[in-house]
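*Asks:* Structure below; questions to follow.
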Amino acid sequence: MKLRDLAKRLDCLLEGAAADIDADVDIVRVASLEQAQPGDLTFLANPRYHSQLIGTRASAVILGRDDPSPAPCPILRSEHPYRSFAQAVALFHEPLAPPKGVDRLCDLAADAVLEADVSVGPFVTIGAGAHIGARSTIYPNVVIGAHARIGEDCVVHAHVSVREGVILGRRVIVQNGAVIGSDGFGFVKQPDGSHLKIPQTATVVIEDDVEIGANTTIDRPAIGETRIRAGTKVDNLVQIAHGVSVGRNALLAAQVGIAGSTTIEDDVVLAGQVGVSGHLRIGKGVVATAQTGIPNSVDAGAFISGYPALANREWLKSSAIFRQLPALKKRIARLEARIAELEEKLIECQTRQIP
Amino acid sequence: MKLRDLAKRLDCLLEGAAADIDADVDIVRVASLEQAQPGDLTFLANPRYHSQLIGTRASAVILGRDDPSPAPCPILRSEHPYRSFAQAVALFHEPLAPPKGVDRLCDLAADAVLEADVSVGPFVTIGAGAHIGARSTIYPNVVIGAHARIGEDCVVHAHVSVREGVILGRRVIVQNGAVIGSDGFGFVKQPDGSHLKIPQTATVVIEDDVEIGANTTIDRPAIGETRIRAGTKVDNLVQIAHGVSVGRNALLAAQVGIAGSTTIEDDVVLAGQVGVSGHLRIGKGVVATAQTGIPNSVDAGAFISGYPALANREWLKSSAIFRQLPALKKRIARLEARIAELEEKLIECQTRQIP
Amino acid sequence: MKLRDLAKRLDCLLEGAAADIDADVDIVRVASLEQAQPGDLTFLANPRYHSQLIGTRASAVILGRDDPSPAPCPILRSEHPYRSFAQAVALFHEPLAPPKGVDRLCDLAADAVLEADVSVGPFVTIGAGAHIGARSTIYPNVVIGAHARIGEDCVVHAHVSVREGVILGRRVIVQNGAVIGSDGFGFVKQPDGSHLKIPQTATVVIEDDVEIGANTTIDRPAIGETRIRAGTKVDNLVQIAHGVSVGRNALLAAQVGIAGSTTIEDDVVLAGQVGVSGHLRIGKGVVATAQTGIPNSVDAGAFISGYPALANREWLKSSAIFRQLPALKKRIARLEARIAELEEKLIECQTRQIP
């Protein structure tokens, strides 16, 4: 695509660099600052890579409206450089069209309903009374349980389990191997020490525009429901326990674990390996840094870290002192020695005064 | 079901509330205090939800024998309210009967043995010499390796891998995507820095009444065995390494990781994301709170937290002080200043005395 | 196998013990010191099990060249006892030969290329233009995406997803349920709070002799590549995010998580549940103990622990003091009381001097 045309498609202003603009240069790919070659479009959205810009071999770079960085190539000025980058990647990507229709090597229940233009791969099982919305793609070896409902325009990758009765909204993407609707971890301890299984009879609802990562697990509860609200994105290997409710547009990074019956409100961001205990409420917009352990409910808007979780500022300060603990301990010991000496001297002093 | 009959089935005493008992009311569902509607049975097993009881719209509530909470509806008095709740959930649940028999689209080795009344779904592979016990259900797309043995009355959900030679007892439940018998992570470092694979030739034994969570992985060792004893329940995304031995009736919550050759004794409870190092012994009845990191063996009965793990009481105290570290550091600095001043003054004092 | 022949096969020197050597004894198995029975070969590579040697019932033991431990049985002297153990395990193991050829119940794209002597199990899907190298084994229910390339002599276990365009080198082993090439977790936040998906259009390259653990997930990036270099071993349930680069001969233990665009250099060892933030560089040979959280780049050769990660020695010292914090806090309070008393007394002292 000519650079000139690309600028239009991305709604960016095309600007000259050191040399004259060659608006006719052919752009063939999007690449990072470091790896870009002639013919590539690159981008600078994160100021930490500033210094790499000057040496890039790219044929053009996406820069923010007011970014003063000197570029060695033509510039595409953008209000939102990271979004323009995402759009450029999409422009150069020809997605693999999954095969049309329903593969003959799949197992459909007689009363399963498949709407128009679905694609169903080989070795897929679709249970009794299940419903697949129009234009949805079910990749090979997926198992859809009885009475599950998949909305329109969904993409369900290979090896996903959608258990009985689970409901997926529209435009939901499920990466490979994810399990939606496995039994919650609910047992009653018996007098003899054994654990009686509580039947996990309720279901899971995944709303519109949610994405679920590879090998993530989302459990069904005994009663009520487990629900992930519209627009939330869940990364790989995340555990969402029975009865959890996740709000809209949350981001749950890889290996996060959320224990049973906890409510995560809208716009929450949990970084990698964060753990949240059960029966809590994590307020709107809370951000937790990687590996944070959250044993108590958290007020909206908090920015937290550590285990147990503290305000991030507090945690940074305490962590900085944690590594000074050996030195602090020595200072305390020295203080004790000095004060003992003082006490002795003072007694001497007083003794001399008495007579 | 009439409330009167439900009380009998649950072995509970039916008690009046503010109004007269309507023992003929039709109960149709079990629901939480918060979500219950007329026609629902609810329960109060956890005192933290006490205050929600008065506002419930449920038609009846399960309460403990001596629970004095005033209920706005008839009460089912129970010795073990949580157990009665579990039984009630089961009463109202009509489990999906998996299709009878063996699906024609599965791949059975000629010498595999399937006992009476098994259910085997489509796209299942059962290897040479494998054995499936009576009344066990194998859901679609499960792969059972050669010479594996599944006991009676097991339920193996979709996408589970039971590798060659693995043994499952009776009434074992395996949730979707779990892997039992993958190769342990065993390598010998070579002089050139490469890692020589140690063949993982021994197997995994899962005893009776164990439940394994979704996408959990249990490795086989090179020699000896990996074993999970009767009645233990393992949640989702748990890693159990090669040669680990887990005792009876243990509970391993989601994302727990246990390194190689460690022994977990009976009745141990590991909360979410706990990590246990290799070659340790975790004594009977140990309880570790979420995210605890256990680098050393632990005596029976201990209640531990933190990383490295401490007695929970100690950890709570130290954690409370961790957040006061900036204040403590300031107090130390102030002490140093005050003591320096005192030292100076005392010298003055002494100087005056000398003449 | 006769002990005499075993010694030759393992390139070990056969030595007498308390009794005369019975070089003709038949060795049938390799077993641990504790579990060995007559007829078993055992080994002592880790000095912590020294005391178990004297009581072993094994018929022979592998010991290091200069290990002075007194053995109650014949000794196989080895330069590298752990390697000899691995070789012995292999000698006594008859691996299950996967069925030859291509199962008739699999779905091969018309233009997929299968080289000589591959084994492809039932319910396997191989996409358009994919390539399977000679002598590779594809177990049941594996899904190989379009244009993916599997090298020679690979073993891909059941339920693995190798997504479109992914490249595996030679002798790669992938344990059950692993996902290679799922979409990276890349989104652009929109002004309305929703998250725009960045198409993840680039791919994943796994080099020769890599092993990938069960249910591990390795994401593809939007641009560039995700790469795992030759000889690296990855355990179960590990998350490797989009654009990560892992060097040669690294070891990533179970449940490790590595965030996007981070570079892990050669020979790095990350123990279980370690988390590494994005856009970092972890230098050659770094070793991180279990549960370490790494928020910043780390110099080559460092040995680190804790969260945030410190030098292991520092972390051990600070952790030891962490548990003494309640005592330290009391010492500070006592110092404050003592110093207040001193200050008072000194004033008295000075007051008396004034006149």
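Ligands are numbered from 1 in the order shown, chains are lettered A, B, ... in the order of the structure tokens, and residues start at 1 in each chain.
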Can you list, as a JSON list (two decimals) with N, CA, C and O atoms, in the first residue's frame, every protein, DNA or RNA residue that comes within 10 Å of A:Ala214 when you count only C-alpha atoms, leaving out same-chain residues fewer than 5 positions away?
*Replies:*
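And here's around02.json as it stands now:
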[["chain", "number", "residue", "atom", "x", "y", "z"],
["A", 157, "HIS", "N", -11.90, -21.23, 19.64],
["A", 157, "HIS", "CA", -10.73, -21.92, 19.11],
["A", 157, "HIS", "C", -10.70, -23.39, 19.53],
["A", 157, "HIS", "O", -11.45, -23.82, 20.42],
["A", 158, "ALA", "N", -9.77, -24.12, 18.93],
["A", 158, "ALA", "CA", -9.69, -25.57, 19.13],
["A", 158, "ALA", "C", -9.56, -25.94, 20.60],
["A", 158, "ALA", "O", -8.93, -25.23, 21.38],
["A", 159, "HIS", "N", -10.15, -27.09, 20.96],
["A", 159, "HIS", "CA", -10.02, -27.69, 22.28],
["A", 159, "HIS", "C", -10.72, -26.93, 23.39],
["A", 159, "HIS", "O", -10.49, -27.22, 24.57],
["A", 160, "VAL", "N", -11.55, -25.98, 23.04],
["A", 160, "VAL", "CA", -12.32, -25.30, 24.10],
["A", 160, "VAL", "C", -13.46, -26.21, 24.56],
["A", 160, "VAL", "O", -14.07, -26.91, 23.76],
["A", 174, "VAL", "N", -12.89, -17.07, 22.29],
["A", 174, "VAL", "CA", -12.34, -17.97, 23.31],
["A", 174, "VAL", "C", -11.10, -18.64, 22.72],
["A", 174, "VAL", "O", -11.17, -19.33, 21.71],
["A", 175, "GLN", "N", -9.96, -18.40, 23.35],
["A", 175, "GLN", "CA", -8.70, -18.99, 22.87],
["A", 175, "GLN", "C", -8.64, -20.48, 23.23],
["A", 175, "GLN", "O", -9.39, -20.97, 24.08],
["A", 176, "ASN", "N", -7.69, -21.16, 22.65],
["A", 176, "ASN", "CA", -7.61, -22.63, 22.72],
["A", 176, "ASN", "C", -7.55, -23.16, 24.15],
["A", 176, "ASN", "O", -6.84, -22.65, 25.00],
["A", 177, "GLY", "N", -8.27, -24.24, 24.36],
["A", 177, "GLY", "CA", -8.14, -25.00, 25.59],
["A", 177, "GLY", "C", -8.85, -24.41, 26.79],
["A", 177, "GLY", "O", -8.80, -25.00, 27.88],
["A", 178, "ALA", "N", -9.48, -23.25, 26.64],
["A", 178, "ALA", "CA", -10.20, -22.68, 27.77],
["A", 178, "ALA", "C", -11.38, -23.57, 28.14],
["A", 178, "ALA", "O", -11.94, -24.27, 27.29],
["A", 179, "VAL", "N", -11.72, -23.55, 29.42],
["A", 179, "VAL", "CA", -12.84, -24.34, 29.92],
["A", 179, "VAL", "C", -13.85, -23.39, 30.56],
["A", 179, "VAL", "O", -13.51, -22.67, 31.50],
["A", 234, "VAL", "N", -9.84, -11.41, 29.32],
["A", 234, "VAL", "CA", -9.21, -12.32, 30.27],
["A", 234, "VAL", "C", -8.07, -13.03, 29.55],
["A", 234, "VAL", "O", -8.26, -13.58, 28.47],
["A", 235, "ASP", "N", -6.90, -13.01, 30.15],
["A", 235, "ASP", "CA", -5.69, -13.58, 29.53],
["A", 235, "ASP", "C", -5.63, -15.09, 29.78],
["A", 235, "ASP", "O", -6.59, -15.71, 30.24],
["A", 236, "ASN", "N", -4.49, -15.70, 29.52],
["A", 236, "ASN", "CA", -4.30, -17.15, 29.61],
["A", 236, "ASN", "C", -4.19, -17.63, 31.05],
["A", 236, "ASN", "O", -3.70, -16.93, 31.92],
["A", 237, "LEU", "N", -4.59, -18.87, 31.29],
["A", 237, "LEU", "CA", -4.34, -19.59, 32.55],
["A", 237, "LEU", "C", -4.91, -18.86, 33.76],
["A", 237, "LEU", "O", -4.38, -18.96, 34.87],
["A", 238, "VAL", "N", -5.98, -18.13, 33.54],
["A", 238, "VAL", "CA", -6.66, -17.42, 34.63],
["A", 238, "VAL", "C", -7.68, -18.36, 35.26],
["A", 238, "VAL", "O", -8.32, -19.15, 34.55],
["A", 254, "ALA", "N", -2.55, -12.72, 32.76],
["A", 254, "ALA", "CA", -2.31, -14.16, 32.84],
["A", 254, "ALA", "C", -2.10, -14.63, 34.27],
["A", 254, "ALA", "O", -1.49, -13.95, 35.09],
["C", 161, "SER", "N", -2.62, -27.75, 20.87],
["C", 161, "SER", "CA", -2.98, -26.85, 19.76],
["C", 161, "SER", "C", -1.70, -26.20, 19.25],
["C", 161, "SER", "O", -1.02, -25.49, 19.99],
["C", 178, "ALA", "N", -0.87, -28.36, 25.74],
["C", 178, "ALA", "CA", -0.17, -27.09, 25.55],
["C", 178, "ALA", "C", -0.75, -26.36, 24.34],
["C", 178, "ALA", "O", -1.25, -26.98, 23.40],
["C", 179, "VAL", "N", -0.69, -25.03, 24.40],
["C", 179, "VAL", "CA", -1.20, -24.19, 23.31],
["C", 179, "VAL", "C", -0.06, -23.32, 22.81],
["C", 179, "VAL", "O", 0.52, -22.56, 23.58],
["C", 180, "ILE", "N", 0.26, -23.47, 21.54],
["C", 180, "ILE", "CA", 1.36, -22.68, 20.97],
["C", 180, "ILE", "C", 0.79, -21.81, 19.86],
["C", 180, "ILE", "O", 0.28, -22.31, 18.86],
["C", 181, "GLY", "N", 0.85, -20.49, 20.11],
["C", 181, "GLY", "CA", 0.40, -19.56, 19.08],
["C", 181, "GLY", "C", -0.98, -18.96, 19.31],
["C", 181, "GLY", "O", -1.55, -18.38, 18.39],
["C", 182, "SER", "N", -1.49, -19.04, 20.54],
["C", 182, "SER", "CA", -2.73, -18.33, 20.86],
["C", 182, "SER", "C", -2.47, -16.82, 20.75],
["C", 182, "SER", "O", -1.32, -16.37, 20.80],
["C", 183, "ASP", "N", -3.55, -16.06, 20.62],
["C", 183, "ASP", "CA", -3.41, -14.61, 20.44],
["C", 183, "ASP", "C", -2.82, -13.96, 21.68],
["C", 183, "ASP", "O", -3.29, -14.20, 22.80],
["C", 184, "GLY", "N", -1.83, -13.09, 21.51],
["C", 184, "GLY", "CA", -1.31, -12.29, 22.61],
["C", 184, "GLY", "C", -2.40, -11.40, 23.19],
["C", 184, "GLY", "O", -3.41, -11.11, 22.52],
["C", 215, "ASN", "N", -0.33, -28.16, 29.26],
["C", 215, "ASN", "CA", -1.23, -27.01, 29.44],
["C", 215, "ASN", "C", -0.50, -25.67, 29.53],
["C", 215, "ASN", "O", -1.06, -24.68, 30.02],
["C", 216, "THR", "N", 0.75, -25.63, 29.08],
["C", 216, "THR", "CA", 1.48, -24.37, 28.96],
["C", 216, "THR", "C", 0.94, -23.59, 27.77],
["C", 216, "THR", "O", 0.47, -24.18, 26.80],
["C", 217, "THR", "N", 1.00, -22.24, 27.87],
["C", 217, "THR", "CA", 0.48, -21.40, 26.78],
["C", 217, "THR", "C", 1.56, -20.44, 26.29],
["C", 217, "THR", "O", 2.23, -19.79, 27.09],
["C", 218, "ILE", "N", 1.71, -20.37, 24.98],
["C", 218, "ILE", "CA", 2.72, -19.50, 24.37],
["C", 218, "ILE", "C", 2.02, -18.66, 23.32],
["C", 218, "ILE", "O", 1.52, -19.19, 22.33],
["C", 219, "ASP", "N", 2.00, -17.35, 23.54],
["C", 219, "ASP", "CA", 1.21, -16.46, 22.68],
["C", 219, "ASP", "C", 2.00, -15.94, 21.48],
["C", 219, "ASP", "O", 3.22, -15.72, 21.57],
["C", 239, "GLN", "N", 3.12, -19.51, 31.39],
["C", 239, "GLN", "CA", 2.59, -18.52, 30.45],
["C", 239, "GLN", "C", 3.75, -17.75, 29.84],
["C", 239, "GLN", "O", 4.55, -17.14, 30.55]]
*Asks:* Can you pull out the residues contacting B:Leu10? Cut-off 9 Å, using only C-alpha atoms, and skip same-chain residues under 2 positions away; I want them as a PyMOL selection string.
*Replies:* chain B and resi 5-8+12-13+76+78+84-85+87-88
*Asks:* Please check the contacts: residues of chain C at most 6 Å away from chain B, using only C-alpha atoms, listed as a PyMOL selection string.
*Replies:* chain C and resi 31+83+86+90+249+323+325
*Asks:* Let me see the file: selected residues, N, CA and C atoms, as an mmCIF file, in the first residue's frame.
*Replies:*
data_model
loop_
_atom_site.group_PDB
_atom_site.id
_atom_site.type_symbol
_atom_site.label_atom_id
_atom_site.label_comp_id
_atom_site.auth_asym_id
_atom_site.auth_seq_id
_atom_site.Cartn_x
_atom_site.Cartn_y
_atom_site.Cartn_z
ATOM 1 N N ALA C 31 15.278 -47.937 41.022
ATOM 2 C CA ALA C 31 14.369 -47.500 42.091
ATOM 3 C C ALA C 31 15.110 -46.571 43.038
ATOM 4 N N ARG C 83 23.588 -38.525 35.746
ATOM 5 C CA ARG C 83 23.455 -38.866 34.333
ATOM 6 C C ARG C 83 23.391 -40.384 34.158
ATOM 7 N N ALA C 86 19.979 -41.462 34.829
ATOM 8 C CA ALA C 86 19.071 -41.189 33.706
ATOM 9 C C ALA C 86 19.246 -42.240 32.613
ATOM 10 N N ALA C 90 16.547 -45.111 31.186
ATOM 11 C CA ALA C 90 16.240 -45.299 29.761
ATOM 12 C C ALA C 90 16.453 -46.751 29.347
ATOM 13 N N ASN C 249 18.845 -23.265 26.259
ATOM 14 C CA ASN C 249 19.082 -24.077 27.458
ATOM 15 C C ASN C 249 18.562 -23.456 28.747
ATOM 16 N N ARG C 323 10.536 -11.575 60.198
ATOM 17 C CA ARG C 323 9.805 -12.271 61.258
ATOM 18 C C ARG C 323 10.150 -11.752 62.646
ATOM 19 N N LEU C 325 10.200 -8.530 63.192
ATOM 20 C CA LEU C 325 9.714 -7.150 63.234
ATOM 21 C C LEU C 325 8.952 -6.822 64.519
#
*Asks:* Looking only at the backbone, which of the residues in stretch 181-272 of chain A does DSSP tag as strand (DSSP E or B), as a PyMOL selection string?
*Replies:* chain A and resi 181-183+187-189+195-197+203-206+211-212+217-220+225-228+233-234+239-240+245-246+251-252+257-258+263-264+269-270
*Asks:* Neighbours of A:Lys100 within 8 Å (only C-alpha atoms; same-chain residues fewer than 4 positions away dropped), as a PyMOL selection string?
*Replies:* chain A and resi 117-120
*Asks:* How many Å lie between atom CA of C:Ala128 and atom CA of C:Ala110, rounded to one decimal?
*Replies:*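 Taking atom CA of C:Ala128 and atom CA of C:Ala110, their separation equals 7.0 Å.
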*Asks:* Write out as a list in words all residues of stretch 6-77 of chain C that backbone DSSP assigns to helix (DSSP H, G or I).
*Replies:*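 Selecting the helix (DSSP H, G or I) positions of stretch 6-77 of chain C gives Leu6, Ala7, Lys8, Arg9, Leu10, Pro47, Arg48, Tyr49, His50, Ser51, Gln52 and Leu53 of chain C.
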*Asks:* Write out, as an mmCIF file, in the first residue's frame, the residues just selected, with all heavy atoms.
*Replies:*
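Writing done, so here's out.cif:
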data_model
loop_
_atom_site.group_PDB
_atom_site.id
_atom_site.type_symbol
_atom_site.label_atom_id
_atom_site.label_comp_id
_atom_site.auth_asym_id
_atom_site.auth_seq_id
_atom_site.Cartn_x
_atom_site.Cartn_y
_atom_site.Cartn_z
ATOM 1 N N LEU C 6 25.397 -54.254 32.715
ATOM 2 C CA LEU C 6 24.846 -52.928 32.996
ATOM 3 C C LEU C 6 25.979 -51.927 33.223
ATOM 4 O O LEU C 6 25.951 -50.796 32.717
ATOM 5 C CB LEU C 6 23.946 -53.013 34.244
ATOM 6 C CG LEU C 6 23.176 -51.758 34.640
ATOM 7 C CD1 LEU C 6 22.293 -51.261 33.503
ATOM 8 C CD2 LEU C 6 22.334 -52.016 35.886
ATOM 9 N N ALA C 7 26.991 -52.358 33.990
ATOM 10 C CA ALA C 7 28.135 -51.486 34.259
ATOM 11 C C ALA C 7 28.771 -51.043 32.951
ATOM 12 O O ALA C 7 29.092 -49.865 32.754
ATOM 13 C CB ALA C 7 29.159 -52.219 35.132
ATOM 14 N N LYS C 8 28.936 -51.997 32.015
ATOM 15 C CA LYS C 8 29.530 -51.663 30.709
ATOM 16 C C LYS C 8 28.662 -50.665 29.957
ATOM 17 O O LYS C 8 29.156 -49.685 29.414
ATOM 18 C CB LYS C 8 29.710 -52.942 29.875
ATOM 19 C CG LYS C 8 31.106 -53.557 30.029
ATOM 20 C CD LYS C 8 31.286 -54.755 29.117
ATOM 21 C CE LYS C 8 32.107 -55.812 29.831
ATOM 22 N NZ LYS C 8 31.701 -57.180 29.462
ATOM 23 N N ARG C 9 27.344 -50.951 29.961
ATOM 24 C CA ARG C 9 26.427 -50.078 29.204
ATOM 25 C C ARG C 9 26.434 -48.652 29.764
ATOM 26 O O ARG C 9 26.251 -47.684 29.021
ATOM 27 C CB ARG C 9 24.991 -50.623 29.259
ATOM 28 C CG ARG C 9 24.772 -51.962 28.550
ATOM 29 C CD ARG C 9 24.754 -51.801 27.039
ATOM 30 N NE ARG C 9 23.564 -51.129 26.555
ATOM 31 C CZ ARG C 9 22.413 -51.740 26.272
ATOM 32 N NH1 ARG C 9 22.308 -53.058 26.410
ATOM 33 N NH2 ARG C 9 21.387 -51.063 25.824
ATOM 34 N N LEU C 10 26.628 -48.537 31.069
ATOM 35 C CA LEU C 10 26.598 -47.215 31.709
ATOM 36 C C LEU C 10 27.989 -46.604 31.806
ATOM 37 O O LEU C 10 28.146 -45.503 32.331
ATOM 38 C CB LEU C 10 25.996 -47.324 33.117
ATOM 39 C CG LEU C 10 24.542 -47.784 33.188
ATOM 40 C CD1 LEU C 10 24.092 -47.885 34.638
ATOM 41 C CD2 LEU C 10 23.630 -46.823 32.428
ATOM 42 N N PRO C 47 23.586 -35.560 48.231
ATOM 43 C CA PRO C 47 24.140 -35.932 49.534
ATOM 44 C C PRO C 47 23.100 -35.945 50.651
ATOM 45 O O PRO C 47 23.305 -36.593 51.675
ATOM 46 C CB PRO C 47 25.207 -34.860 49.791
ATOM 47 C CG PRO C 47 25.114 -33.863 48.709
ATOM 48 C CD PRO C 47 24.249 -34.404 47.620
ATOM 49 N N ARG C 48 21.938 -35.256 50.461
ATOM 50 C CA ARG C 48 20.975 -35.220 51.568
ATOM 51 C C ARG C 48 20.372 -36.590 51.862
ATOM 52 O O ARG C 48 19.755 -36.786 52.902
ATOM 53 C CB ARG C 48 19.902 -34.157 51.344
ATOM 54 C CG ARG C 48 18.753 -34.539 50.424
ATOM 55 C CD ARG C 48 18.040 -33.335 49.860
ATOM 56 N NE ARG C 48 17.187 -32.651 50.841
ATOM 57 C CZ ARG C 48 16.458 -31.575 50.560
ATOM 58 N NH1 ARG C 48 16.504 -31.055 49.351
ATOM 59 N NH2 ARG C 48 15.699 -31.009 51.459
ATOM 60 N N TYR C 49 20.522 -37.535 50.924
ATOM 61 C CA TYR C 49 19.959 -38.870 51.172
ATOM 62 C C TYR C 49 21.011 -39.890 51.599
ATOM 63 O O TYR C 49 20.753 -41.088 51.623
ATOM 64 C CB TYR C 49 19.200 -39.348 49.925
ATOM 65 C CG TYR C 49 18.082 -38.411 49.606
ATOM 66 C CD1 TYR C 49 18.090 -37.664 48.446
ATOM 67 C CD2 TYR C 49 17.042 -38.237 50.507
ATOM 68 C CE1 TYR C 49 17.080 -36.756 48.188
ATOM 69 C CE2 TYR C 49 16.027 -37.332 50.259
ATOM 70 C CZ TYR C 49 16.054 -36.595 49.099
ATOM 71 O OH TYR C 49 15.052 -35.700 48.857
ATOM 72 N N HIS C 50 22.187 -39.383 51.929
ATOM 73 C CA HIS C 50 23.326 -40.186 52.346
ATOM 74 C C HIS C 50 22.953 -41.278 53.331
ATOM 75 O O HIS C 50 23.302 -42.447 53.198
ATOM 76 C CB HIS C 50 24.333 -39.244 53.028
ATOM 77 C CG HIS C 50 25.716 -39.474 52.559
ATOM 78 N ND1 HIS C 50 26.566 -40.308 53.208
ATOM 79 C CD2 HIS C 50 26.360 -38.976 51.495
ATOM 80 C CE1 HIS C 50 27.716 -40.304 52.558
ATOM 81 N NE2 HIS C 50 27.616 -39.505 51.512
ATOM 82 N N SER C 51 22.214 -40.875 54.356
ATOM 83 C CA SER C 51 21.947 -41.782 55.469
ATOM 84 C C SER C 51 21.039 -42.940 55.050
ATOM 85 O O SER C 51 21.008 -43.976 55.711
ATOM 86 C CB SER C 51 21.297 -41.004 56.607
ATOM 87 O OG SER C 51 20.058 -40.495 56.147
ATOM 88 N N GLN C 52 20.311 -42.748 53.936
ATOM 89 C CA GLN C 52 19.423 -43.824 53.492
ATOM 90 C C GLN C 52 20.191 -44.943 52.791
ATOM 91 O O GLN C 52 19.661 -46.036 52.591
ATOM 92 C CB GLN C 52 18.344 -43.292 52.542
ATOM 93 C CG GLN C 52 17.324 -42.405 53.241
ATOM 94 C CD GLN C 52 16.341 -41.788 52.253
ATOM 95 O OE1 GLN C 52 16.209 -42.262 51.130
ATOM 96 N NE2 GLN C 52 15.664 -40.748 52.673
ATOM 97 N N LEU C 53 21.435 -44.644 52.394
ATOM 98 C CA LEU C 53 22.177 -45.618 51.600
ATOM 99 C C LEU C 53 22.413 -46.908 52.382
ATOM 100 O O LEU C 53 22.234 -48.012 51.855
ATOM 101 C CB LEU C 53 23.514 -45.006 51.151
ATOM 102 C CG LEU C 53 24.447 -45.930 50.380
ATOM 103 C CD1 LEU C 53 23.742 -46.508 49.158
ATOM 104 C CD2 LEU C 53 25.701 -45.178 49.945
#
*Asks:* Can you tell me, as a PDB file with C-alpha atoms, in the first residue's frame, what residues are no more than 12 Å from A:Arg227 when counting only C-alpha atoms, ignoring any on the same chain fewer than 5 positions away?
*Replies:*
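Saved the output as around31.pdb:
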ATOM      1  CA  VAL A 166     -23.238 -22.047  29.484  1.00  0.00           C
ATOM      2  CA  ILE A 167     -24.186 -18.838  27.661  1.00  0.00           C
ATOM      3  CA  LEU A 168     -21.829 -16.808  25.457  1.00  0.00           C
ATOM      4  CA  GLY A 169     -22.901 -13.409  24.098  1.00  0.00           C
ATOM      5  CA  ILE A 180     -16.093 -22.505  30.586  1.00  0.00           C
ATOM      6  CA  GLY A 181     -18.495 -24.026  33.076  1.00  0.00           C
ATOM      7  CA  ALA A 202     -25.977 -23.233  38.082  1.00  0.00           C
ATOM      8  CA  THR A 203     -24.231 -21.772  35.070  1.00  0.00           C
ATOM      9  CA  VAL A 204     -21.806 -19.275  33.556  1.00  0.00           C
ATOM     10  CA  VAL A 205     -22.719 -16.243  31.462  1.00  0.00           C
ATOM     11  CA  ILE A 206     -20.124 -14.542  29.255  1.00  0.00           C
ATOM     12  CA  GLU A 207     -21.450 -11.266  27.855  1.00  0.00           C
ATOM     13  CA  ASP A 208     -20.757  -9.566  24.518  1.00  0.00           C
ATOM     14  CA  VAL A 210     -15.461 -10.663  26.044  1.00  0.00           C
ATOM     15  CA  ILE A 218     -14.214 -20.437  34.567  1.00  0.00           C
ATOM     16  CA  ASP A 219     -16.274 -22.443  37.048  1.00  0.00           C
ATOM     17  CA  ARG A 220     -20.035 -22.768  37.441  1.00  0.00           C
ATOM     18  CA  PRO A 221     -21.504 -22.352  40.947  1.00  0.00           C
ATOM     19  CA  THR A 232     -13.862  -7.635  29.664  1.00  0.00           C
ATOM     20  CA  ILE A 240     -12.309 -17.590  37.815  1.00  0.00           C
ATOM     21  CA  ALA A 241     -14.051 -19.508  40.572  1.00  0.00           C
ATOM     22  CA  HIS A 242     -17.714 -20.299  41.087  1.00  0.00           C
ATOM     23  CA  GLY A 243     -20.052 -17.418  41.632  1.00  0.00           C
ATOM     24  CA  VAL A 244     -17.532 -14.721  40.694  1.00  0.00           C
ATOM     25  CA  SER A 245     -18.915 -11.641  38.984  1.00  0.00           C
ATOM     26  CA  VAL A 246     -16.578  -9.581  36.789  1.00  0.00           C
ATOM     27  CA  GLY A 247     -17.723  -6.138  35.621  1.00  0.00           C
ATOM     28  CA  ARG A 248     -17.433  -4.437  32.236  1.00  0.00           C
ATOM     29  CA  GLY A 260     -15.424 -17.913  44.858  1.00  0.00           C
ATOM     30  CA  SER A 261     -18.253 -15.353  45.063  1.00  0.00           C
ATOM     31  CA  THR A 262     -15.994 -12.322  44.670  1.00  0.00           C
ATOM     32  CA  THR A 263     -17.242  -9.303  42.725  1.00  0.00           C
ATOM     33  CA  ILE A 264     -14.816  -7.459  40.449  1.00  0.00           C
ATOM     34  CA  GLU A 265     -16.371  -4.160  39.340  1.00  0.00           C
TER      35      GLU A 265
END
*Asks:* Using atom CA of B:Lys233 and atom CA of B:Val30 as the two end points, give the distance in Å to one decimal.
*Replies:*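 Atom-to-atom, atom CA of B:Lys233 to atom CA of B:Val30, that is 24.2 Å.
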*Asks:* Distance atom CA of B:Glu79-atom CA of B:Leu63, one decimal place?
*Replies:*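 Interatomic distance, atom CA of B:Glu79 to atom CA of B:Leu63: 8.5 Å.
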